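Listing of target00.txt; format and content: compact mmCIF, C-alpha atoms.
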# COMPACT_ATOMS: atom_id res chain seq x y z
CA MET A 1 245.04 -3.84 133.52
CA SER A 2 246.34 -3.03 136.97
CA LEU A 3 249.47 -0.97 137.48
CA HIS A 4 252.34 -2.74 139.16
CA ARG A 5 255.17 -1.45 141.29
CA ALA A 6 258.66 -2.15 139.92
CA LEU A 7 260.93 -4.44 141.92
CA THR A 8 264.57 -3.32 141.96
CA GLY A 9 267.76 -3.88 143.98
CA ARG A 10 267.64 -6.40 146.81
CA VAL A 11 264.75 -8.68 147.64
CA VAL A 12 264.24 -11.16 150.44
CA ILE A 13 263.00 -14.57 149.36
CA ALA A 14 260.59 -15.52 152.13
CA THR A 15 261.43 -19.20 152.19
CA HIS A 16 263.47 -21.58 154.31
CA ASN A 17 263.60 -24.04 151.41
CA ALA A 18 267.03 -24.12 149.73
CA GLY A 19 265.60 -25.45 146.46
CA LYS A 20 263.03 -22.67 146.13
CA LEU A 21 265.70 -20.07 146.99
CA ARG A 22 268.08 -21.28 144.31
CA GLU A 23 265.31 -21.40 141.70
CA MET A 24 264.23 -17.84 142.55
CA GLN A 25 267.80 -16.55 142.52
CA GLU A 26 268.31 -17.99 139.03
CA LEU A 27 265.03 -16.55 137.81
CA LEU A 28 265.74 -13.09 139.25
CA ALA A 29 269.41 -12.75 138.19
CA PRO A 30 268.71 -11.62 134.57
CA PHE A 31 266.66 -8.74 135.98
CA GLY A 32 269.47 -7.40 138.17
CA ILE A 33 267.76 -8.46 141.38
CA GLU A 34 269.89 -9.66 144.28
CA ALA A 35 267.98 -12.28 146.25
CA VAL A 36 268.74 -13.12 149.88
CA SER A 37 266.83 -15.71 151.88
CA ALA A 38 264.72 -15.27 154.99
CA GLY A 39 266.44 -18.36 156.33
CA ALA A 40 269.94 -16.87 155.92
CA LEU A 41 268.76 -13.69 157.70
CA GLY A 42 267.55 -15.79 160.64
CA LEU A 43 263.89 -14.78 160.24
CA PRO A 44 261.35 -17.02 161.97
CA VAL A 45 258.93 -19.14 159.93
CA PRO A 46 255.47 -17.55 160.21
CA ASP A 47 252.36 -19.70 160.74
CA GLU A 48 250.57 -20.31 157.45
CA THR A 49 247.04 -19.69 158.67
CA GLY A 50 245.55 -18.51 155.36
CA HIS A 51 242.56 -20.02 153.55
CA MET A 52 244.11 -19.65 150.10
CA PHE A 53 247.56 -20.10 148.56
CA ALA A 54 247.66 -16.35 147.85
CA GLU A 55 246.89 -15.61 151.49
CA ASN A 56 249.66 -17.88 152.80
CA ALA A 57 252.14 -16.38 150.33
CA ALA A 58 251.12 -12.89 151.50
CA ILE A 59 251.54 -13.81 155.18
CA LYS A 60 255.10 -14.99 154.52
CA ALA A 61 256.03 -12.04 152.28
CA HIS A 62 254.67 -9.33 154.60
CA ALA A 63 256.39 -10.88 157.63
CA ALA A 64 259.74 -10.91 155.81
CA ALA A 65 259.31 -7.38 154.40
CA LYS A 66 258.42 -5.98 157.82
CA ALA A 67 261.35 -7.73 159.52
CA THR A 68 263.98 -6.62 156.99
CA GLY A 69 262.79 -3.34 155.51
CA LEU A 70 263.27 -4.86 152.06
CA PRO A 71 260.71 -6.02 149.50
CA ALA A 72 260.05 -9.73 149.97
CA LEU A 73 258.97 -12.41 147.51
CA SER A 74 257.14 -15.53 148.59
CA ASP A 75 255.61 -18.59 146.93
CA ASP A 76 252.83 -20.83 148.14
CA SER A 77 251.83 -23.73 145.96
CA GLY A 78 250.04 -27.04 145.87
CA LEU A 79 248.05 -29.69 144.06
CA CYS A 80 244.26 -29.38 143.74
CA VAL A 81 242.20 -32.42 142.69
CA ASP A 82 238.76 -31.53 141.28
CA ALA A 83 236.90 -34.61 142.55
CA LEU A 84 238.26 -33.83 146.03
CA ASP A 85 237.04 -30.21 145.76
CA GLY A 86 240.60 -28.91 145.71
CA ALA A 87 242.27 -31.23 148.23
CA PRO A 88 245.05 -31.71 149.18
CA GLY A 89 245.31 -27.97 148.37
CA LEU A 90 246.55 -26.04 151.40
CA PHE A 91 247.49 -29.41 152.94
CA THR A 92 249.66 -30.52 149.99
CA ALA A 93 252.84 -30.70 152.09
CA ASP A 94 251.03 -31.88 155.24
CA TRP A 95 249.82 -35.06 153.52
CA ALA A 96 253.47 -36.12 153.19
CA GLY A 97 253.90 -35.92 156.97
CA PRO A 98 257.01 -34.93 158.93
CA ASN A 99 259.11 -37.49 157.01
CA LYS A 100 258.13 -35.88 153.66
CA ASP A 101 256.82 -39.21 152.40
CA PHE A 102 255.27 -38.05 149.15
CA TYR A 103 254.64 -41.61 147.97
CA ALA A 104 252.29 -41.97 150.95
CA ALA A 105 250.74 -38.60 150.07
CA MET A 106 250.13 -39.74 146.48
CA GLU A 107 248.62 -43.00 147.77
CA ARG A 108 246.27 -40.96 149.95
CA VAL A 109 245.06 -39.01 146.90
CA MET A 110 244.27 -42.29 145.12
CA ARG A 111 242.63 -43.81 148.19
CA GLU A 112 240.36 -40.78 148.50
CA LEU A 113 239.47 -40.97 144.79
CA GLU A 114 238.64 -44.67 145.11
CA LYS A 115 236.05 -43.86 147.79
CA ARG A 116 234.10 -41.95 145.11
CA GLU A 117 232.31 -43.79 142.34
CA ALA A 118 233.81 -43.05 138.91
CA PRO A 119 235.52 -39.84 140.00
CA ASP A 120 237.14 -37.73 137.32
CA ARG A 121 240.90 -37.34 137.52
CA ARG A 122 241.19 -33.63 136.70
CA ALA A 123 243.72 -31.76 138.80
CA HIS A 124 245.94 -28.70 138.71
CA PHE A 125 249.07 -27.38 140.31
CA VAL A 126 248.96 -23.76 141.40
CA SER A 127 251.68 -21.34 142.47
CA ALA A 128 250.87 -18.01 144.11
CA LEU A 129 253.77 -15.53 144.09
CA VAL A 130 253.42 -12.47 146.31
CA ILE A 131 255.80 -9.51 146.53
CA ALA A 132 255.26 -7.41 149.65
CA TRP A 133 256.95 -4.08 150.36
CA PRO A 134 257.72 -2.71 153.84
CA ASP A 135 254.99 -0.06 153.40
CA GLY A 136 252.38 -2.83 153.07
CA HIS A 137 251.92 -2.71 149.29
CA GLU A 138 251.56 -6.15 147.72
CA GLU A 139 251.46 -7.69 144.26
CA LEU A 140 250.01 -11.14 143.50
CA PHE A 141 250.77 -13.33 140.47
CA GLU A 142 249.30 -16.83 140.08
CA GLY A 143 250.22 -19.60 137.68
CA ARG A 144 248.34 -22.84 137.11
CA VAL A 145 248.99 -25.96 135.06
CA PHE A 146 246.04 -28.25 134.39
CA GLY A 147 246.10 -31.99 133.84
CA GLN A 148 245.12 -35.23 135.52
CA VAL A 149 246.35 -37.49 138.28
CA VAL A 150 247.47 -40.96 137.20
CA TRP A 151 248.31 -44.19 138.97
CA PRO A 152 250.85 -45.68 139.38
CA PRO A 153 253.22 -42.69 139.64
CA ARG A 154 255.91 -42.51 136.94
CA GLY A 155 259.37 -40.96 136.76
CA ASP A 156 262.02 -39.68 139.14
CA LYS A 157 262.80 -36.25 137.69
CA GLY A 158 260.53 -34.25 139.94
CA PHE A 159 259.61 -34.13 143.60
CA GLY A 160 256.40 -34.07 145.62
CA TYR A 161 253.37 -35.18 143.64
CA ASP A 162 255.12 -34.73 140.26
CA PRO A 163 255.16 -38.47 139.40
CA MET A 164 251.34 -38.70 139.56
CA PHE A 165 250.60 -35.49 137.60
CA GLN A 166 250.27 -35.64 133.80
CA PRO A 167 249.81 -32.16 132.30
CA ASP A 168 247.37 -31.67 129.42
CA GLY A 169 249.01 -32.21 126.05
CA PHE A 170 251.74 -34.50 127.42
CA ALA A 171 252.01 -38.29 127.58
CA GLU A 172 254.58 -37.95 130.40
CA THR A 173 254.14 -37.07 134.04
CA PHE A 174 255.97 -34.21 135.76
CA GLY A 175 258.19 -36.98 137.13
CA GLU A 176 259.23 -37.86 133.56
CA ILE A 177 259.64 -34.32 132.18
CA SER A 178 263.02 -32.68 132.73
CA SER A 179 263.41 -29.83 135.17
CA ASP A 180 264.51 -27.55 132.30
CA GLU A 181 261.35 -28.27 130.33
CA LYS A 182 259.12 -27.81 133.40
CA HIS A 183 260.65 -24.70 134.90
CA GLY A 184 262.55 -23.10 132.03
CA ILE A 185 261.39 -19.84 130.43
CA ASP A 186 262.58 -18.77 126.98
CA TRP A 187 262.80 -15.01 127.36
CA SER A 188 263.82 -14.55 123.72
CA LYS A 189 260.26 -15.30 122.60
CA PRO A 190 257.86 -12.40 122.06
CA GLN A 191 255.49 -14.06 124.56
CA PRO A 192 257.63 -16.01 127.00
CA SER A 193 255.86 -18.87 128.73
CA GLY A 194 256.61 -21.72 131.07
CA LEU A 195 255.14 -25.16 131.64
CA SER A 196 255.13 -25.44 135.41
CA HIS A 197 252.78 -23.48 137.64
CA ARG A 198 255.70 -21.57 139.18
CA ALA A 199 257.22 -20.73 135.79
CA ARG A 200 253.83 -19.44 134.63
CA ALA A 201 253.43 -17.30 137.74
CA PHE A 202 256.97 -15.96 137.33
CA VAL A 203 256.35 -14.93 133.71
CA LYS A 204 253.43 -12.81 134.95
CA LEU A 205 255.53 -11.38 137.78
CA ALA A 206 258.31 -10.45 135.35
CA ALA A 207 255.86 -8.77 132.98
CA GLY A 208 254.40 -6.77 135.85
CA CYS A 209 257.30 -5.87 138.12
CA LEU A 210 260.68 -6.62 136.56
CA HIS A 211 262.82 -4.93 133.93
CA ARG A 212 265.54 -6.75 132.07
CA VAL A 213 269.00 -5.26 132.68
CA MET B 1 229.67 -50.61 142.10
CA SER B 2 230.23 -50.83 145.81
CA LEU B 3 227.87 -52.62 148.16
CA HIS B 4 226.15 -50.47 150.73
CA ARG B 5 224.83 -51.25 154.18
CA ALA B 6 221.11 -50.62 154.69
CA LEU B 7 220.06 -47.91 157.15
CA THR B 8 216.99 -48.82 159.23
CA GLY B 9 215.26 -47.77 162.45
CA ARG B 10 216.67 -44.82 164.35
CA VAL B 11 219.49 -42.58 163.20
CA VAL B 12 221.25 -39.69 164.87
CA ILE B 13 221.62 -36.58 162.75
CA ALA B 14 225.06 -35.30 163.71
CA THR B 15 224.21 -31.61 163.57
CA HIS B 16 223.43 -28.82 166.00
CA ASN B 17 221.74 -26.86 163.20
CA ALA B 18 217.93 -26.90 163.51
CA GLY B 19 217.43 -26.22 159.79
CA LYS B 20 219.62 -29.12 158.68
CA LEU B 21 217.89 -31.41 161.20
CA ARG B 22 214.40 -30.57 159.93
CA GLU B 23 215.46 -31.02 156.30
CA MET B 24 216.97 -34.43 157.08
CA GLN B 25 213.93 -35.54 159.09
CA GLU B 26 211.66 -34.69 156.15
CA LEU B 27 213.91 -36.47 153.69
CA LEU B 28 214.18 -39.62 155.85
CA ALA B 29 210.51 -39.94 156.88
CA PRO B 30 209.32 -41.68 153.67
CA PHE B 31 211.93 -44.37 154.30
CA GLY B 32 210.68 -45.18 157.80
CA ILE B 33 213.73 -43.70 159.47
CA GLU B 34 213.31 -41.91 162.79
CA ALA B 35 215.85 -39.11 163.04
CA VAL B 36 216.99 -37.63 166.34
CA SER B 37 219.54 -34.84 166.62
CA ALA B 38 222.94 -34.87 168.28
CA GLY B 39 222.03 -31.49 169.74
CA ALA B 40 218.89 -32.84 171.43
CA LEU B 41 220.93 -35.73 172.86
CA GLY B 42 223.36 -33.24 174.37
CA LEU B 43 226.34 -34.49 172.36
CA PRO B 44 229.32 -32.13 172.15
CA VAL B 45 230.28 -30.49 168.84
CA PRO B 46 233.47 -32.17 167.60
CA ASP B 47 236.32 -30.12 166.08
CA GLU B 48 236.17 -30.16 162.29
CA THR B 49 239.85 -30.73 161.66
CA GLY B 50 239.50 -32.53 158.32
CA HIS B 51 241.11 -31.51 155.03
CA MET B 52 238.04 -32.39 152.93
CA PHE B 53 234.28 -32.04 153.30
CA ALA B 54 233.99 -35.84 153.39
CA GLU B 55 236.53 -35.99 156.20
CA ASN B 56 234.70 -33.41 158.34
CA ALA B 57 231.39 -35.18 157.77
CA ALA B 58 233.01 -38.47 158.82
CA ILE B 59 234.48 -36.93 162.00
CA LYS B 60 231.02 -35.70 163.04
CA ALA B 61 229.22 -38.93 162.12
CA HIS B 62 231.68 -41.28 163.85
CA ALA B 63 231.66 -39.15 167.02
CA ALA B 64 227.84 -39.28 167.19
CA ALA B 65 227.65 -43.01 166.37
CA LYS B 66 230.23 -43.83 169.04
CA ALA B 67 228.48 -41.67 171.67
CA THR B 68 224.98 -43.06 171.04
CA GLY B 69 225.41 -46.62 169.76
CA LEU B 70 223.19 -45.66 166.81
CA PRO B 71 224.03 -45.09 163.17
CA ALA B 72 224.70 -41.39 162.60
CA LEU B 73 224.25 -39.22 159.52
CA SER B 74 226.24 -36.06 158.97
CA ASP B 75 226.56 -33.41 156.28
CA ASP B 76 229.47 -31.14 155.51
CA SER B 77 229.11 -28.70 152.66
CA GLY B 78 230.46 -25.54 151.13
CA LEU B 79 231.13 -23.34 148.13
CA CYS B 80 234.24 -23.87 145.99
CA VAL B 81 235.35 -21.16 143.55
CA ASP B 82 237.62 -22.43 140.76
CA ALA B 83 239.72 -19.26 140.39
CA LEU B 84 240.35 -19.38 144.14
CA ASP B 85 241.44 -23.05 143.91
CA GLY B 86 238.42 -24.18 145.89
CA ALA B 87 238.13 -21.39 148.48
CA PRO B 88 236.21 -20.62 150.61
CA GLY B 89 235.75 -24.43 150.68
CA LEU B 90 236.29 -25.77 154.19
CA PHE B 91 236.11 -22.14 155.40
CA THR B 92 232.70 -21.44 153.82
CA ALA B 93 231.02 -20.75 157.18
CA ASP B 94 234.13 -19.14 158.72
CA TRP B 95 234.14 -16.37 156.11
CA ALA B 96 230.80 -15.20 157.49
CA GLY B 97 232.35 -14.75 160.94
CA PRO B 98 230.71 -15.23 164.34
CA ASN B 99 227.82 -12.94 163.34
CA LYS B 100 227.03 -15.13 160.31
CA ASP B 101 227.37 -12.13 158.00
CA PHE B 102 227.11 -13.89 154.66
CA TYR B 103 226.90 -10.63 152.74
CA ALA B 104 230.41 -9.88 154.01
CA ALA B 105 231.44 -13.41 153.06
CA MET B 106 230.10 -12.94 149.51
CA GLU B 107 231.91 -9.58 149.29
CA ARG B 108 235.13 -11.32 150.28
CA VAL B 109 234.71 -13.82 147.42
CA MET B 110 234.33 -10.94 144.96
CA ARG B 111 237.23 -8.98 146.47
CA GLU B 112 239.47 -12.03 146.10
CA LEU B 113 238.37 -12.51 142.48
CA GLU B 114 239.07 -8.85 141.69
CA LYS B 115 242.71 -9.31 142.79
CA ARG B 116 243.09 -11.74 139.86
CA GLU B 117 243.15 -10.48 136.29
CA ALA B 118 240.12 -11.72 134.29
CA PRO B 119 239.36 -14.62 136.62
CA ASP B 120 236.72 -17.06 135.55
CA ARG B 121 233.62 -17.22 137.71
CA ARG B 122 233.11 -21.02 137.76
CA ALA B 123 232.09 -22.39 141.14
CA HIS B 124 230.27 -25.32 142.70
CA PHE B 125 228.46 -26.19 145.86
CA VAL B 126 229.27 -29.59 147.36
CA SER B 127 227.59 -31.65 150.05
CA ALA B 128 229.25 -34.70 151.59
CA LEU B 129 226.87 -36.99 153.46
CA VAL B 130 228.41 -39.64 155.68
CA ILE B 131 226.60 -42.40 157.58
CA ALA B 132 228.74 -43.97 160.30
CA TRP B 133 227.80 -47.06 162.32
CA PRO B 134 228.96 -47.77 165.88
CA ASP B 135 231.20 -50.58 164.56
CA GLY B 136 233.16 -48.04 162.50
CA HIS B 137 231.64 -48.82 159.09
CA GLU B 138 231.01 -45.72 157.00
CA GLU B 139 229.28 -44.79 153.76
CA LEU B 140 229.99 -41.60 151.80
CA PHE B 141 227.71 -39.90 149.26
CA GLU B 142 228.62 -36.61 147.58
CA GLY B 143 226.48 -34.23 145.55
CA ARG B 144 227.66 -31.23 143.56
CA VAL B 145 225.92 -28.49 141.63
CA PHE B 146 228.02 -26.48 139.18
CA GLY B 147 227.50 -22.88 138.10
CA GLN B 148 229.06 -19.45 138.49
CA VAL B 149 229.31 -16.72 141.06
CA VAL B 150 227.63 -13.43 140.13
CA TRP B 151 227.65 -9.89 141.51
CA PRO B 152 225.61 -8.25 142.89
CA PRO B 153 223.84 -11.02 144.82
CA ARG B 154 220.17 -11.51 143.92
CA GLY B 155 217.16 -12.90 145.78
CA ASP B 156 216.16 -13.63 149.36
CA LYS B 157 214.89 -17.22 149.10
CA GLY B 158 218.07 -18.92 150.19
CA PHE B 159 220.72 -18.48 152.83
CA GLY B 160 224.50 -18.35 152.95
CA TYR B 161 226.07 -17.75 149.54
CA ASP B 162 222.87 -18.68 147.64
CA PRO B 163 222.23 -15.14 146.29
CA MET B 164 225.60 -15.07 144.47
CA PHE B 165 225.39 -18.58 142.97
CA GLN B 166 223.75 -19.11 139.58
CA PRO B 167 223.52 -22.81 138.66
CA ASP B 168 224.19 -23.88 135.07
CA GLY B 169 221.04 -23.84 132.95
CA PHE B 170 219.28 -21.23 135.10
CA ALA B 171 218.95 -17.45 134.75
CA GLU B 172 218.19 -17.19 138.48
CA THR B 173 220.46 -17.48 141.49
CA PHE B 174 219.90 -19.90 144.36
CA GLY B 175 218.54 -16.84 146.18
CA GLU B 176 215.80 -16.52 143.55
CA ILE B 177 214.91 -20.23 143.18
CA SER B 178 212.33 -21.58 145.63
CA SER B 179 213.37 -23.95 148.38
CA ASP B 180 211.07 -26.63 146.90
CA GLU B 181 212.75 -26.40 143.51
CA LYS B 182 216.25 -26.43 145.05
CA HIS B 183 215.85 -29.18 147.63
CA GLY B 184 212.83 -31.15 146.41
CA ILE B 185 213.19 -34.67 145.05
CA ASP B 186 210.45 -36.24 142.89
CA TRP B 187 210.61 -39.87 143.98
CA SER B 188 207.92 -40.88 141.46
CA LYS B 189 210.41 -40.49 138.60
CA PRO B 190 212.31 -43.58 137.45
CA GLN B 191 215.55 -41.66 138.07
CA PRO B 192 214.84 -39.21 140.90
CA SER B 193 217.11 -36.19 140.95
CA GLY B 194 217.52 -32.96 142.83
CA LEU B 195 218.93 -29.54 141.99
CA SER B 196 220.82 -28.64 145.13
CA HIS B 197 224.07 -30.30 146.15
CA ARG B 198 222.43 -31.77 149.26
CA ALA B 199 219.44 -33.11 147.31
CA ARG B 200 221.83 -34.74 144.83
CA ALA B 201 223.85 -36.34 147.62
CA PHE B 202 220.65 -37.55 149.29
CA VAL B 203 219.39 -39.22 146.11
CA LYS B 204 222.64 -41.22 146.03
CA LEU B 205 222.33 -42.06 149.73
CA ALA B 206 218.74 -43.25 149.24
CA ALA B 207 219.72 -45.43 146.27
CA GLY B 208 222.51 -46.97 148.31
CA CYS B 209 221.21 -47.33 151.85
CA LEU B 210 217.47 -46.68 152.10
CA HIS B 211 214.37 -48.67 151.27
CA ARG B 212 211.01 -47.04 150.75
CA VAL B 213 208.39 -48.21 153.29

Can the structure from this file be put into structure tokens for me?
Amino acid sequence: MSLHRALTGRVVIATHNAGKLREMQELLAPFGIEAVSAGALGLPVPDETGHMFAENAAIKAHAAAKATGLPALSDDSGLCVDALDGAPGLFTADWAGPNKDFYAAMERVMRELEKREAPDRRAHFVSALVIAWPDGHEELFEGRVFGQVVWPPRGDKGFGYDPMFQPDGFAETFGEISSDEKHGIDWSKPQPSGLSHRARAFVKLAAGCLHRV
Amino acid sequence: MSLHRALTGRVVIATHNAGKLREMQELLAPFGIEAVSAGALGLPVPDETGHMFAENAAIKAHAAAKATGLPALSDDSGLCVDALDGAPGLFTADWAGPNKDFYAAMERVMRELEKREAPDRRAHFVSALVIAWPDGHEELFEGRVFGQVVWPPRGDKGFGYDPMFQPDGFAETFGEISSDEKHGIDWSKPQPSGLSHRARAFVKLAAGCLHRV
């Protein structure tokens, strides 16, 4: 069991994505954490040159912590398909192109699978959350949700690759499961848990670095 | 079952690696294929900008086929660690740096695993073989060998990450298993098979595109 550093006061969310910011603000509020965004502070977007989700999250968090003098929280996440050895992985967003055409990205996943004979459909979403402090200290928390990719995609409740991802134990895709059920965390339980990769990572982060106020 | 195009006569091996060339020449000889190397023909090394092993192999094979007017065979391969969501993956060689320090690369794998709490050690090697023809046709054959990463590394019979990879069903690492046992293929068996990822991919390639002479 590693020892974690407590996160208190203000934190920069190292994202320029309004949806991620709002989700993080809601998650952090019960812990008395005030979250401001890197975008609102006018910070530049660093190049994500890492070879792993955790590395890209760390690049973004350290850049924001250094620029602001505040602890910074960052997420990097994606879809990994086993038969494609983890692709699209780091290129999860890239496959949607500049127009964010995730239907085309999902089609590409299926096209790649069809090139293989009888490929298995196992896949997982992963979220790597990194908190970096201005002194260079960092904490990493990862969450994964395992399942399979399906075709055709189903549902309009998610975004990205959600409509083609069916988590283990569910008959619905992430496109058919409500946002509350995917991302919600019931903190009243003795062992809080979440369904989505980001919710699972956040439960670990809370256990390690946050204190309910 | 897809239909494959037969490979006959001369083929360019799209590699500048002498070891890979020799291995391919030995594997192709029983099928009456004469293999010449892209390096010997003075072809440039194309940028490997793909997002998957199969994509990088295709980039190299198509470049060599186009430059020579001959069918071209290329391999792209690497180590994927489950708890690292497939890393080092496409960066398998990069982690060894310009000095090809694979001990440092293996240490990096372990250091990354130690950042995670109780990570599993599952991993696989993958080889993607692509044959491209000058008219743009391509065939893809992939082989994988599953196992776990171990520490410390053991054995000096392999190269790269071999000493830290223990295949399922073996007590030895790829560094302790002889080259013959790893890469050999017994063609006299009704269902020839190989142990290594490249041997497994080559068995599929032979079944699809080669005819014993």

Report task. Return as a PyMOL selection string the residues belonging to chain B that are within 7 Å of chain A, counting all atoms listed in the file. Result -> chain B and resi 51-52+80+85-87

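Straight-line separation from CA of Arg154 (chain A) to CA of Phe174 (chain A): 8.4 Å.
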
Hey, what's within 8 Å of region 5-7 of chain B if we count all atoms listed in the file and toss same-chain stuff fewer than 4 positions away? As a compact mmCIF listing (two decimals) with C-alpha atoms, in the coordinates of the input, please?
# COMPACT_ATOMS: atom_id res chain seq x y z
CA ILE B 33 213.73 -43.70 159.47
CA PRO B 71 224.03 -45.09 163.17
CA GLU B 139 229.28 -44.79 153.76
CA GLY B 208 222.51 -46.97 148.31
CA CYS B 209 221.21 -47.33 151.85
CA LEU B 210 217.47 -46.68 152.10
CA HIS B 211 214.37 -48.67 151.27

Would you kindly return, as a short mmCIF file (atom, residue, chain, number, x, y, z; two decimals) with C-alpha atoms, in the frame of the given file, each protein, DNA or RNA residue with an atom no farther than 10 Å from any atom of Ile185 (chain B), considering all atoms listed in the file and excluding same-chain residues fewer than 2 positions away?
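See part_37.cif below for the written result:
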data_model
loop_
_atom_site.label_atom_id
_atom_site.label_comp_id
_atom_site.auth_asym_id
_atom_site.auth_seq_id
_atom_site.Cartn_x
_atom_site.Cartn_y
_atom_site.Cartn_z
CA LEU B 27 213.91 -36.47 153.69
CA ASP B 180 211.07 -26.63 146.90
CA GLU B 181 212.75 -26.40 143.51
CA LYS B 182 216.25 -26.43 145.05
CA HIS B 183 215.85 -29.18 147.63
CA TRP B 187 210.61 -39.87 143.98
CA SER B 188 207.92 -40.88 141.46
CA LYS B 189 210.41 -40.49 138.60
CA PRO B 192 214.84 -39.21 140.90
CA SER B 193 217.11 -36.19 140.95
CA GLY B 194 217.52 -32.96 142.83
CA LEU B 195 218.93 -29.54 141.99
CA SER B 196 220.82 -28.64 145.13
CA ALA B 199 219.44 -33.11 147.31
CA ARG B 200 221.83 -34.74 144.83
CA PHE B 202 220.65 -37.55 149.29
CA VAL B 203 219.39 -39.22 146.11
#

Query raised in the report: Which value, in Å to one decimal, gives the distance between CA of Phe31 (chain B) and CA of Val213 (chain B)?
Result: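 Going from CA of Phe31 (chain B) over to CA of Val213 (chain B), I get 5.3 Å.
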
**Report entry** Closest of B:Asp135, B:Glu23, B:Glu34, B:Asp156 to Lys66 (chain B) - atom-to-atom distances counting all atoms listed in the file
**Finding:**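 Checking each candidate against Lys66 (chain B), we get B:Asp135 as the closest.
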